[in-house]
Every structure is written in C-alpha cells, then in structure tokens.
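**Student:** I'm passing along upload_35.csv; it holds CSV, C-alpha atoms.
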chain,number,residue,atom,x,y,z
A,1,MET,CA,90.5,100.0,111.4
A,2,LYS,CA,93.0,100.6,108.5
A,3,ARG,CA,90.7,103.2,107.0
A,4,LEU,CA,90.4,104.9,110.4
A,5,TRP,CA,94.2,105.3,110.6
A,6,LEU,CA,94.3,106.3,106.9
A,7,GLY,CA,91.7,109.0,107.6
A,8,ALA,CA,93.5,110.2,110.7
A,9,GLY,CA,96.9,110.3,108.9
A,10,LEU,CA,95.3,112.2,106.0
A,11,LEU,CA,93.7,114.7,108.3
A,12,VAL,CA,97.0,115.3,110.3
A,13,ALA,CA,99.0,115.6,107.1
A,14,LEU,CA,96.6,118.1,105.5
A,15,PHE,CA,96.4,120.1,108.8
A,16,ILE,CA,100.2,120.4,108.9
A,17,LEU,CA,100.4,121.3,105.2
A,18,SER,CA,97.6,123.9,105.3
A,19,LEU,CA,98.9,125.5,108.5
A,20,TRP,CA,102.4,125.6,107.1
A,21,SER,CA,101.2,127.1,103.8
A,22,GLY,CA,99.1,129.7,105.6
A,23,LEU,CA,102.0,130.8,107.7
A,24,ALA,CA,104.4,130.8,104.8
A,25,MET,CA,102.0,132.8,102.7
A,26,GLY,CA,101.5,135.3,105.5
A,27,ASP,CA,105.3,135.8,106.0
A,28,LEU,CA,106.0,136.1,102.3
A,29,HIS,CA,103.3,138.7,101.6
A,30,LYS,CA,104.3,140.6,104.8
A,31,GLU,CA,107.9,140.8,103.5
A,32,LEU,CA,106.8,141.9,100.1
A,33,SER,CA,104.4,144.4,101.5
A,34,SER,CA,107.0,146.0,103.7
A,35,GLY,CA,109.3,146.3,100.7
A,36,MET,CA,106.6,148.2,98.7
A,37,GLU,CA,106.0,150.4,101.8
A,38,GLN,CA,109.7,151.3,101.8
A,39,ALA,CA,109.6,152.0,98.0
A,40,SER,CA,106.7,154.3,98.5
A,41,GLN,CA,108.4,156.2,101.4
A,42,ALA,CA,111.6,156.6,99.4
A,43,ALA,CA,109.6,158.1,96.4
A,44,LEU,CA,107.7,160.4,98.7
A,45,SER,CA,111.0,161.6,100.3
A,46,GLY,CA,112.3,162.5,96.9
A,47,ASP,CA,114.5,159.5,96.1
A,48,LEU,CA,112.5,158.0,93.2
A,49,GLN,CA,115.5,156.0,92.0
A,50,ALA,CA,116.0,154.2,95.3
A,51,GLY,CA,112.2,153.6,95.5
A,52,ALA,CA,112.2,152.1,92.0
A,53,ALA,CA,115.2,149.9,92.8
A,54,THR,CA,113.4,148.6,95.9
A,55,ALA,CA,110.2,148.0,94.0
A,56,GLN,CA,112.1,146.1,91.3
A,57,GLU,CA,113.6,143.8,94.0
A,58,VAL,CA,110.1,143.2,95.4
A,59,LYS,CA,108.8,142.5,91.9
A,60,GLU,CA,111.5,140.0,91.3
A,61,GLN,CA,110.8,138.2,94.6
A,62,TRP,CA,107.1,138.2,93.8
A,63,GLN,CA,107.8,136.7,90.4
A,64,LYS,CA,110.0,134.1,92.0
A,65,TYR,CA,107.2,132.9,94.2
A,66,TRP,CA,104.4,133.5,91.7
A,67,LYS,CA,103.9,129.9,90.7
A,68,PRO,CA,103.7,128.3,94.1
A,69,VAL,CA,101.4,131.1,95.3
A,70,ALA,CA,99.2,130.6,92.3
A,71,ILE,CA,98.7,126.9,93.3
A,72,ILE,CA,97.3,128.0,96.6
A,73,THR,CA,95.5,131.3,96.1
A,74,ASP,CA,92.8,132.7,93.7
A,75,HIS,CA,94.3,134.1,90.5
A,76,GLU,CA,92.3,137.3,90.3
A,77,PRO,CA,94.0,139.3,93.1
A,78,MET,CA,97.4,138.0,91.8
A,79,GLU,CA,96.6,139.4,88.4
A,80,GLU,CA,95.6,142.8,90.0
A,81,ILE,CA,99.0,142.8,91.8
A,82,ASP,CA,100.8,142.1,88.5
A,83,GLU,CA,99.0,145.0,86.8
A,84,ILE,CA,99.9,147.5,89.5
A,85,PHE,CA,103.5,146.3,89.4
A,86,ALA,CA,103.6,147.1,85.7
A,87,GLN,CA,101.9,150.5,86.3
A,88,THR,CA,104.4,151.6,89.0
A,89,GLU,CA,107.3,150.6,86.8
A,90,THR,CA,105.9,152.9,84.1
A,91,TYR,CA,105.5,155.7,86.6
A,92,ALA,CA,109.1,155.3,87.8
A,93,ARG,CA,110.4,155.4,84.2
A,94,ALA,CA,108.3,158.5,83.5
A,95,GLY,CA,109.7,160.1,86.7
A,96,GLN,CA,106.2,160.5,88.3
A,97,ALA,CA,107.2,160.1,91.9
A,98,ASN,CA,103.8,160.8,93.4
A,99,ALA,CA,101.9,158.4,91.2
A,100,PHE,CA,104.7,155.8,91.8
A,101,ALA,CA,104.4,156.3,95.6
A,102,VAL,CA,100.6,155.8,95.4
A,103,GLY,CA,101.0,152.7,93.3
A,104,CYS,CA,103.6,151.3,95.7
A,105,ALA,CA,101.3,152.0,98.7
A,106,ARG,CA,98.4,150.3,96.9
A,107,LEU,CA,100.6,147.3,96.2
A,108,ALA,CA,101.7,147.2,99.8
A,109,ARG,CA,98.1,147.1,101.0
A,110,LEU,CA,97.1,144.5,98.4
A,111,LEU,CA,100.0,142.2,99.3
A,112,GLU,CA,99.3,142.6,103.0
A,113,ALA,CA,95.7,141.7,102.4
A,114,ALA,CA,96.6,138.7,100.3
A,115,GLY,CA,98.9,137.4,103.0
A,116,GLU,CA,96.3,138.1,105.8
A,117,ALA,CA,93.7,136.2,103.9
A,118,HIS,CA,95.8,133.0,104.4
A,119,THR,CA,97.0,133.4,107.9
A,120,PRO,CA,95.3,131.1,110.4
A,121,MET,CA,93.7,133.8,112.6
A,122,TRP,CA,90.3,133.7,114.2
A,123,TRP,CA,88.9,136.5,112.0
A,124,ASN,CA,89.8,134.5,108.9
A,125,LEU,CA,88.6,131.2,110.3
A,126,LEU,CA,85.2,132.6,111.3
B,1,MET,CA,89.8,125.0,76.9
B,2,PHE,CA,92.7,122.7,77.6
B,3,LEU,CA,92.8,123.8,81.2
B,4,SER,CA,89.1,123.0,81.7
B,5,TYR,CA,89.7,119.6,80.1
B,6,PHE,CA,92.7,118.9,82.3
B,7,ARG,CA,91.0,120.1,85.5
B,8,THR,CA,87.9,118.1,84.8
B,9,VAL,CA,89.8,114.9,84.3
B,10,VAL,CA,91.8,115.4,87.5
B,11,LEU,CA,88.8,116.4,89.6
B,12,TYR,CA,86.7,113.5,88.1
B,13,LEU,CA,89.4,111.0,89.1
B,14,ALA,CA,89.7,112.6,92.5
B,15,LEU,CA,86.0,112.4,93.0
B,16,ILE,CA,85.9,108.7,92.0
B,17,LEU,CA,88.7,108.0,94.4
B,18,VAL,CA,87.1,109.8,97.3
B,19,ILE,CA,83.7,108.2,96.7
B,20,ARG,CA,85.3,104.7,96.4
B,21,LEU,CA,87.4,105.2,99.6
B,22,MET,CA,84.3,106.4,101.4
B,23,GLY,CA,82.5,103.1,100.8
B,24,LYS,CA,80.3,101.2,98.3
B,25,ARG,CA,76.8,102.0,99.6
B,26,GLN,CA,74.2,103.0,97.1
B,27,ILE,CA,72.2,106.2,97.5
B,28,GLY,CA,69.1,104.3,98.8
B,29,GLN,CA,71.1,102.6,101.6
B,30,MET,CA,73.0,105.7,102.7
B,31,GLU,CA,72.6,107.3,106.1
B,32,PRO,CA,71.5,111.0,105.8
B,33,THR,CA,75.0,112.1,106.9
B,34,GLU,CA,76.6,109.9,104.2
B,35,PHE,CA,74.3,111.3,101.6
B,36,VAL,CA,75.1,114.9,102.5
B,37,VAL,CA,78.8,114.2,102.5
B,38,THR,CA,78.6,112.7,99.0
B,39,MET,CA,76.7,115.7,97.7
B,40,LEU,CA,79.2,118.0,99.5
B,41,VAL,CA,82.2,116.3,97.8
B,42,ALA,CA,80.6,116.5,94.4
B,43,ASN,CA,79.9,120.1,94.9
B,44,LEU,CA,83.4,120.8,96.1
B,45,ALA,CA,84.8,119.3,92.9
B,46,SER,CA,82.5,121.4,90.7
B,47,ILE,CA,83.8,124.8,91.8
B,48,PRO,CA,87.4,124.6,90.5
B,49,MET,CA,86.1,122.6,87.5
B,50,GLU,CA,84.0,125.5,86.2
B,51,ASP,CA,86.2,128.4,87.4
B,52,GLY,CA,89.7,128.5,86.0
B,53,GLY,CA,90.7,131.3,88.3
B,54,VAL,CA,90.3,129.1,91.4
B,55,PRO,CA,93.3,126.8,92.1
B,56,LEU,CA,92.7,123.1,91.7
B,57,LEU,CA,94.0,122.7,95.2
B,58,SER,CA,91.2,124.7,96.7
B,59,GLY,CA,88.8,122.0,95.5
B,60,LEU,CA,91.1,119.0,96.1
B,61,LEU,CA,92.1,120.0,99.7
B,62,PRO,CA,88.5,120.3,101.1
B,63,MET,CA,87.6,117.0,99.3
B,64,LEU,CA,90.5,115.3,101.0
B,65,VAL,CA,89.6,116.8,104.3
B,66,VAL,CA,86.0,115.6,104.0
B,67,LEU,CA,87.3,112.2,103.0
B,68,GLY,CA,89.6,112.1,106.1
B,69,MET,CA,86.7,113.2,108.4
B,70,GLU,CA,84.4,110.6,106.9
B,71,LEU,CA,87.0,107.8,107.3
B,72,VAL,CA,87.7,108.8,110.9
B,73,LEU,CA,84.1,109.1,111.8
B,74,ALA,CA,83.1,105.9,110.0
B,75,GLY,CA,86.0,104.1,111.8
B,76,LEU,CA,85.0,105.6,115.2
B,77,SER,CA,81.3,104.7,114.7
B,78,MET,CA,82.4,101.1,114.1
B,79,LYS,CA,84.2,101.2,117.4
B,80,SER,CA,81.8,103.2,119.6
B,81,LEU,CA,78.1,102.8,120.0
B,82,TRP,CA,77.9,106.4,121.3
B,83,VAL,CA,79.5,107.8,118.1
B,84,ARG,CA,77.3,105.6,116.0
B,85,LYS,CA,74.2,106.9,117.8
B,86,LEU,CA,75.4,110.4,117.4
B,87,LEU,CA,76.1,110.1,113.7
B,88,CYS,CA,73.3,107.8,112.5
B,89,GLY,CA,70.7,108.1,115.2
B,90,LYS,CA,68.8,104.9,116.2
B,91,PRO,CA,65.9,103.0,114.7
B,92,VAL,CA,62.5,104.2,115.9
B,93,ILE,CA,59.5,101.9,116.4
B,94,LEU,CA,56.4,103.4,114.7
B,95,ILE,CA,54.1,100.4,115.1
B,96,GLU,CA,54.4,98.0,118.0
B,97,ASN,CA,52.2,95.0,118.4
B,98,GLY,CA,49.7,96.6,116.0
B,99,LYS,CA,49.6,99.9,117.9
B,100,ILE,CA,50.7,103.1,116.1
B,101,LEU,CA,53.0,105.0,118.4
B,102,GLN,CA,51.9,108.5,117.7
B,103,ASP,CA,54.6,110.0,119.9
B,104,ASN,CA,57.3,108.4,117.8
B,105,LEU,CA,55.6,109.5,114.7
B,106,ARG,CA,55.7,113.1,116.0
B,107,LYS,CA,59.3,112.8,117.1
B,108,THR,CA,60.4,111.5,113.7
B,109,ARG,CA,58.1,113.9,111.9
B,110,VAL,CA,56.5,111.1,109.9
B,111,THR,CA,52.9,111.8,108.9
B,112,MET,CA,50.2,109.1,108.8
B,113,ASP,CA,50.1,109.6,105.0
B,114,GLU,CA,53.8,108.9,104.7
B,115,LEU,CA,53.5,105.8,107.0
B,116,THR,CA,50.6,104.4,105.0
B,117,GLY,CA,52.6,105.2,101.8
B,118,HIS,CA,55.6,103.3,103.1
B,119,LEU,CA,53.4,100.4,104.1
B,120,ARG,CA,51.8,100.3,100.6
B,121,GLU,CA,55.3,100.2,99.1
B,122,LYS,CA,55.7,97.0,101.2
B,123,ASP,CA,52.4,95.6,99.8
B,124,VAL,CA,50.6,96.1,103.1
B,125,LEU,CA,47.2,97.7,102.7
B,126,ASP,CA,45.7,96.8,106.1
B,127,LEU,CA,47.3,98.6,109.0
B,128,GLY,CA,45.9,96.0,111.4
B,129,ALA,CA,48.1,93.4,109.7
B,130,VAL,CA,51.3,95.1,110.9
B,131,GLN,CA,52.8,93.9,114.1
B,132,TYR,CA,56.0,96.0,113.9
B,133,ALA,CA,57.0,98.9,111.7
B,134,ILE,CA,60.5,100.3,112.4
B,135,LEU,CA,61.9,103.5,110.9
B,136,GLU,CA,65.6,102.6,110.2
B,137,THR,CA,68.4,105.1,110.5
B,138,ASN,CA,68.7,105.4,106.7
B,139,GLY,CA,65.0,106.4,106.4
B,140,ASN,CA,63.7,103.0,105.2
B,141,LEU,CA,60.7,101.4,106.9
B,142,SER,CA,61.0,97.8,108.0
B,143,VAL,CA,57.6,96.2,108.2
B,144,PHE,CA,56.8,92.9,110.0
B,145,PRO,CA,53.2,91.7,109.6
B,146,TYR,CA,51.6,89.4,112.2
B,147,PRO,CA,52.7,85.8,111.5
B,148,GLY,CA,49.2,84.9,110.3
B,149,GLU,CA,49.3,87.7,107.8
B,150,ARG,CA,52.5,87.0,106.0
B,151,PRO,CA,53.2,84.3,103.4
B,152,ALA,CA,54.2,81.0,104.9
B,153,THR,CA,57.8,80.1,104.7
B,154,ALA,CA,58.9,76.7,103.2
B,155,ARG,CA,59.5,75.4,106.8
B,156,GLU,CA,56.0,76.5,107.9
B,157,ALA,CA,54.5,74.9,104.8
B,158,GLY,CA,56.5,71.7,105.5
B,159,VAL,CA,58.2,71.8,102.1
B,160,GLN,CA,61.5,70.1,101.6
B,161,THR,CA,64.0,72.5,100.2
B,162,GLN,CA,67.4,72.0,98.5
B,163,ASP,CA,70.6,73.5,99.6
B,164,GLN,CA,71.4,76.8,97.9
B,165,TYR,CA,74.9,77.7,96.6
B,166,LEU,CA,76.4,80.9,95.4
B,167,PRO,CA,77.3,80.5,91.7
B,168,LEU,CA,80.8,81.6,90.8
B,169,THR,CA,81.7,83.0,87.4
B,170,VAL,CA,84.4,80.9,85.9
B,171,VAL,CA,84.4,82.4,82.4
B,172,SER,CA,83.3,85.8,81.5
B,173,ASP,CA,83.4,87.0,77.9
B,174,GLY,CA,86.0,84.5,77.0
B,175,VAL,CA,88.2,85.3,80.0
B,176,VAL,CA,88.9,82.7,82.6
B,177,MET,CA,88.5,83.9,86.2
B,178,ARG,CA,91.2,81.8,87.7
B,179,GLN,CA,90.5,83.0,91.3
B,180,ASN,CA,86.9,81.8,91.1
B,181,LEU,CA,87.9,78.6,89.4
B,182,LYS,CA,90.2,77.9,92.3
B,183,LYS,CA,87.5,79.0,94.8
B,184,ALA,CA,85.1,76.5,93.2
B,185,GLY,CA,87.6,73.7,93.7
B,186,LYS,CA,88.0,73.2,90.0
B,187,ASN,CA,91.0,73.3,87.6
B,188,GLU,CA,91.8,74.1,84.0
B,189,ALA,CA,91.3,70.4,83.0
B,190,TRP,CA,87.7,70.5,84.4
B,191,LEU,CA,87.1,73.7,82.5
B,192,GLU,CA,88.4,72.2,79.3
B,193,LYS,CA,86.1,69.2,79.8
B,194,GLN,CA,83.1,71.5,80.3
B,195,LEU,CA,83.9,73.5,77.1
B,196,LYS,CA,84.4,70.2,75.2
B,197,LYS,CA,81.0,69.0,76.4
B,198,GLN,CA,79.4,72.2,75.1
B,199,LYS,CA,81.4,71.9,71.9
B,200,VAL,CA,82.6,75.5,72.2
B,201,SER,CA,86.0,77.3,72.4
B,202,LEU,CA,86.9,79.5,75.3
B,203,GLN,CA,86.7,82.6,73.0
B,204,ASP,CA,83.1,81.7,72.1
B,205,THR,CA,82.0,81.4,75.8
B,206,TRP,CA,80.0,84.4,77.1
B,207,LEU,CA,79.4,83.1,80.6
B,208,LEU,CA,80.1,79.9,82.5
B,209,THR,CA,79.2,79.6,86.2
B,210,VAL,CA,79.5,76.8,88.6
B,211,ASP,CA,78.0,76.6,92.1
B,212,GLY,CA,79.0,74.7,95.2
B,213,GLY,CA,76.6,71.9,94.2
B,214,GLY,CA,78.5,71.4,91.0
B,215,SER,CA,75.7,72.8,88.8
B,216,VAL,CA,77.1,74.5,85.7
B,217,GLN,CA,75.4,77.3,83.7
B,218,PHE,CA,76.7,78.0,80.3
B,219,TYR,CA,75.9,80.8,77.8
B,220,ARG,CA,77.4,80.9,74.3
B,221,LYS,CA,78.7,84.2,72.9
B,222,GLU,CA,76.3,85.6,70.3
B,223,LYS,CA,77.8,87.0,67.1
B,224,SER,CA,77.2,90.8,66.8
B,225,LYS,CA,74.8,91.7,64.1
Give the structure from the file, written as structure tokens.
**Tutor:**
Amino acid sequence: MKRLWLGAGLLVALFILSLWSGLAMGDLHKELSSGMEQASQAALSGDLQAGAATAQEVKEQWQKYWKPVAIITDHEPMEEIDEIFAQTETYARAGQANAFAVGCARLARLLEAAGEAHTPMWWNLL
Amino acid sequence: MFLSYFRTVVLYLALILVIRLMGKRQIGQMEPTEFVVTMLVANLASIPMEDGGVPLLSGLLPMLVVLGMELVLAGLSMKSLWVRKLLCGKPVILIENGKILQDNLRKTRVTMDELTGHLREKDVLDLGAVQYAILETNGNLSVFPYPGERPATAREAGVQTQDQYLPLTVVSDGVVMRQNLKKAGKNEAWLEKQLKKQKVSLQDTWLLTVDGGGSVQFYRKEKSK
C-alpha cells in the first residue's frame, strides 16, 4: 500500500514538474524568438544598430537560461543556436545588415522550434 | 571521458534503485509485463549513458515515470482482481484429468512439442501420468501427476518425520548478527559458550548457525593460501 502511494506521488510530482518545465520552456523560447524577429525587422528597415542591440539583449537572456535549458533539452540544437548568435554578432560588427537580418530570422525560427518541441500540445505528444 | 564516467555512475545507481524498488523477483519468476518493464528501464538508462549530448534527465525522468507506473499498477493489482487479471492474465489448464485441452493449447499458442518439452523438464515422460498441467501467468508449467504416479510422501509411506526449523545465521565471517541472535532466543553468553566449545575466537569463525531446535552448525574460517 505504501508503495502504491509512493508510486502515485512520484507520478503526480513528475507530471507537474514536466508540465511546468514544458510550459516554461515554451514561454522562454517564444520570448527569445520574438526578440530575434524584432532584431531582424530592425535591420531590414535600415536600423542595424538597434537590431544589434536587441540581438545582444536576447543573447544575454539566452546565456542566462542556457544551463537550466541544457538540463532539459538536447545539446545539439542549443549548440547550433550558439553558433548562429556568434555569426549574427560578426555580421552586425561588419555592418552587413542583410546577412544579420537573415541570421536573426533563422535564430527566431530555431528558438521558436526549440520551444515548440517542449510544449505539451497534441502534435508533440503524438 | 569524465562525463561518461559520471553519467554511467549516476545512471547505474538510478537503475539499481529503480529495479530494487520495483521488487525482488528473479527473471524466471517475472510476469511478462514485469520482464518488459525491466528491459525498458535498462534501455532507458543506456541512451544518456552512451550519448553525452542527451541530458541525463531525459533518461532519468522516463525511468522514474516507469517506476511510478509500475508501483501504482502493482499496488492496484494487489487490491483488485480485475487489474490483476488485466495485467497478468490468469492460469490456463492445459491438461485436465489426463485429457489434453486442445482449445486451451491453441488459445495460449503452446504447441504439443513445447508441452512435452515442459513435461520432460519436470521429469515426466508419459503424458498419461499427468492429471493436471497448468500454464501459470509467468509462463511456467505446473505439473501434477496422478497420485499413483508420483513419489510417495513421508505421510503416505508412514514414515515418522522430525520437525524442521529454519537455521539462523548468528556469526558470518567473524561478525555477530545480533538481530538473528535475539530472534533465535540466544544471547552473547550463549555465543561465547559455543565458541569456547569449538575452541575458536569470533574472528576465526566463518559461519555459525542455530535453528529453532537448538541445533548448531559451525564452520571455521580457513586461512587464505
């Protein structure tokens, strides 16, 4: 009987933890993705400096959450995101607005996809 | 390298913990579902063990979920006959009063070769000697020969038997098992007397057991060569 309750408690605790982490991951990545979208738009409209500043803020936020995210998610897509952050930074320094915008748009999509992969939606569950 | 080492240690400990919490049954005694769950848990542990890019949690979490499910279902199957039947199935009679139930053989997909093989494992060569053969839920076959075909019990043979007691280990490799000593209704003074009788110190005692009838078994520790 004790084991039954232990099992039930374990299942409930893990359910809450995994649901919370899925939702938190979704929200975080959505926020980061929209930031990169804004950076891309700013660069396309000719304000590379504003775009670079926004991208920098997003990168700092990404780095802040990098460790907890790495506990939950596969490291490969995270490394790809890191690489593109480094690329876009270089494009911004070199004044290549178009390449920077493309990099930001790619990052926006990758971050969005990384968040979506964890959200508890039926298409992910099935 | 260190990461692999560390992850393997963590996952190995988690695996041991999960298997221990799931129960003590040996592979041969497992229900098919238990066997599959054990294999599944071992497999889940192996993924983050060999791939450093996969978080440890992605192996630990499913392992803990499987453990939780297993504990809940095992608990429920103890409480409910319906759950037990659903998870483990029910024993099926394959031979009843010497008659092979072919329908049940078909239902359980047991061939005649397998049936005779199982019977041979139980030292039964003559099918006609079997009164009942039951396929248990863990896949084992219980065989009951006709009373005239099985060895006589002591009672049937009219032989007087002595009571049987479970021996308790009181000293193991020079260490006193105080709980067993107490359970056997003995004390340190009794132990000392026993050792004196054997002319040996506690350190030189390999095994000392005592049963409910007071019978003592003693083995001296051998010097390593």
**Student:** Extract, using all atoms listed in the file, all DNA, RNA and protein residues at most 10 Å from A:Arg3, discarding same-chain residues fewer than 5 positions from it, and format them as a list in words.
**Tutor:**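 Near neighbours after the sequence-gap exclusion: Ala8 and Gly9 of chain A; Leu21, Met22, Gly68, Glu70, Leu71, Val72, Ala74 and Gly75 of chain B.
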**Student:** Would you put the residues from that selection into a file with C-alpha atoms, as an mmCIF file, keeping the file's coordinate frame?
**Tutor:**
data_model
loop_
_atom_site.group_PDB
_atom_site.id
_atom_site.type_symbol
_atom_site.label_atom_id
_atom_site.label_comp_id
_atom_site.auth_asym_id
_atom_site.auth_seq_id
_atom_site.Cartn_x
_atom_site.Cartn_y
_atom_site.Cartn_z
ATOM 1 C CA ALA A 8 93.500 110.200 110.700
ATOM 2 C CA GLY A 9 96.900 110.300 108.900
ATOM 3 C CA LEU B 21 87.400 105.200 99.600
ATOM 4 C CA MET B 22 84.300 106.400 101.400
ATOM 5 C CA GLY B 68 89.600 112.100 106.100
ATOM 6 C CA GLU B 70 84.400 110.600 106.900
ATOM 7 C CA LEU B 71 87.000 107.800 107.300
ATOM 8 C CA VAL B 72 87.700 108.800 110.900
ATOM 9 C CA ALA B 74 83.100 105.900 110.000
ATOM 10 C CA GLY B 75 86.000 104.100 111.800
#
**Student:** Looking at only C-alpha atoms, which of A:Ile84, A:Ile71, A:Ala101, A:Ala53 is the one that sits closest to chain B?
**Tutor:**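 So, comparing all the options, the nearest one is A:Ile71.
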**Student:** To one decimal in Å, tell me the separation between atom CA of B:Glu114 and atom CA of B:Thr33.
**Tutor:** 21.6 Å
**Student:** For chain A, which residue out of B:Pro147, B:Gly158, B:Pro32, B:Gly52 is the nearest one, using only C-alpha atoms?
**Tutor:**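 Checking each of B:Pro147, B:Gly158, B:Pro32, B:Gly52 against chain A, counting only C-alpha atoms, the winner is B:Gly52.
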**Student:** Give as a ChimeraX atom specification every residue of chain A that touches chain B within 9 Å, counting all atoms listed in the file.
**Tutor:** /A:1-11,14-15,18,70-76
**Student:** One decimal, Å: what's the distance from atom CA of B:Pro91 over to atom CA of B:Arg109, could you say?
**Tutor:** 13.7 Å
**Student:** Determine, counting only C-alpha atoms, which protein, DNA and RNA residues have an atom within 12 Å of an atom of A:Gln56; residues of the same chain fewer than 5 positions away are not included. Present the result as an mmCIF file with C-alpha atoms, in the frame of the given file.
**Tutor:**
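Writing the result to out_13.cif gives the following:
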data_model
loop_
_atom_site.group_PDB
_atom_site.id
_atom_site.type_symbol
_atom_site.label_atom_id
_atom_site.label_comp_id
_atom_site.auth_asym_id
_atom_site.auth_seq_id
_atom_site.Cartn_x
_atom_site.Cartn_y
_atom_site.Cartn_z
ATOM 1 C CA LEU A 32 106.800 141.900 100.100
ATOM 2 C CA GLY A 35 109.300 146.300 100.700
ATOM 3 C CA MET A 36 106.600 148.200 98.700
ATOM 4 C CA GLN A 38 109.700 151.300 101.800
ATOM 5 C CA ALA A 39 109.600 152.000 98.000
ATOM 6 C CA GLN A 49 115.500 156.000 92.000
ATOM 7 C CA ALA A 50 116.000 154.200 95.300
ATOM 8 C CA GLY A 51 112.200 153.600 95.500
ATOM 9 C CA GLN A 61 110.800 138.200 94.600
ATOM 10 C CA TRP A 62 107.100 138.200 93.800
ATOM 11 C CA GLN A 63 107.800 136.700 90.400
ATOM 12 C CA PHE A 85 103.500 146.300 89.400
ATOM 13 C CA ALA A 86 103.600 147.100 85.700
ATOM 14 C CA THR A 88 104.400 151.600 89.000
ATOM 15 C CA GLU A 89 107.300 150.600 86.800
ATOM 16 C CA THR A 90 105.900 152.900 84.100
ATOM 17 C CA ALA A 92 109.100 155.300 87.800
ATOM 18 C CA ARG A 93 110.400 155.400 84.200
ATOM 19 C CA CYS A 104 103.600 151.300 95.700
#
**Student:** Return the single residue from A:Glu37, A:Trp66, A:Gln96, A:Gly103 that is closest to A:Glu79, with distances computed using only C-alpha atoms.
**Tutor:**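 With only C-alpha atoms as the atom set, the closest residue is A:Trp66.
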**Student:** Given the choices A:Leu19, A:Lys59, A:Asp82, A:Tyr91, which gets closest to A:Ala43 if the distance is worked out from only C-alpha atoms?
**Tutor:**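 The answer is A:Tyr91, which sits nearest to A:Ala43.
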**Student:** So how far away is atom CA of B:Leu13 from atom CA of B:Val37, in Å?
**Tutor:**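 One can read the atom CA of B:Val37 to atom CA of B:Leu13 distance as 17.4 Å.
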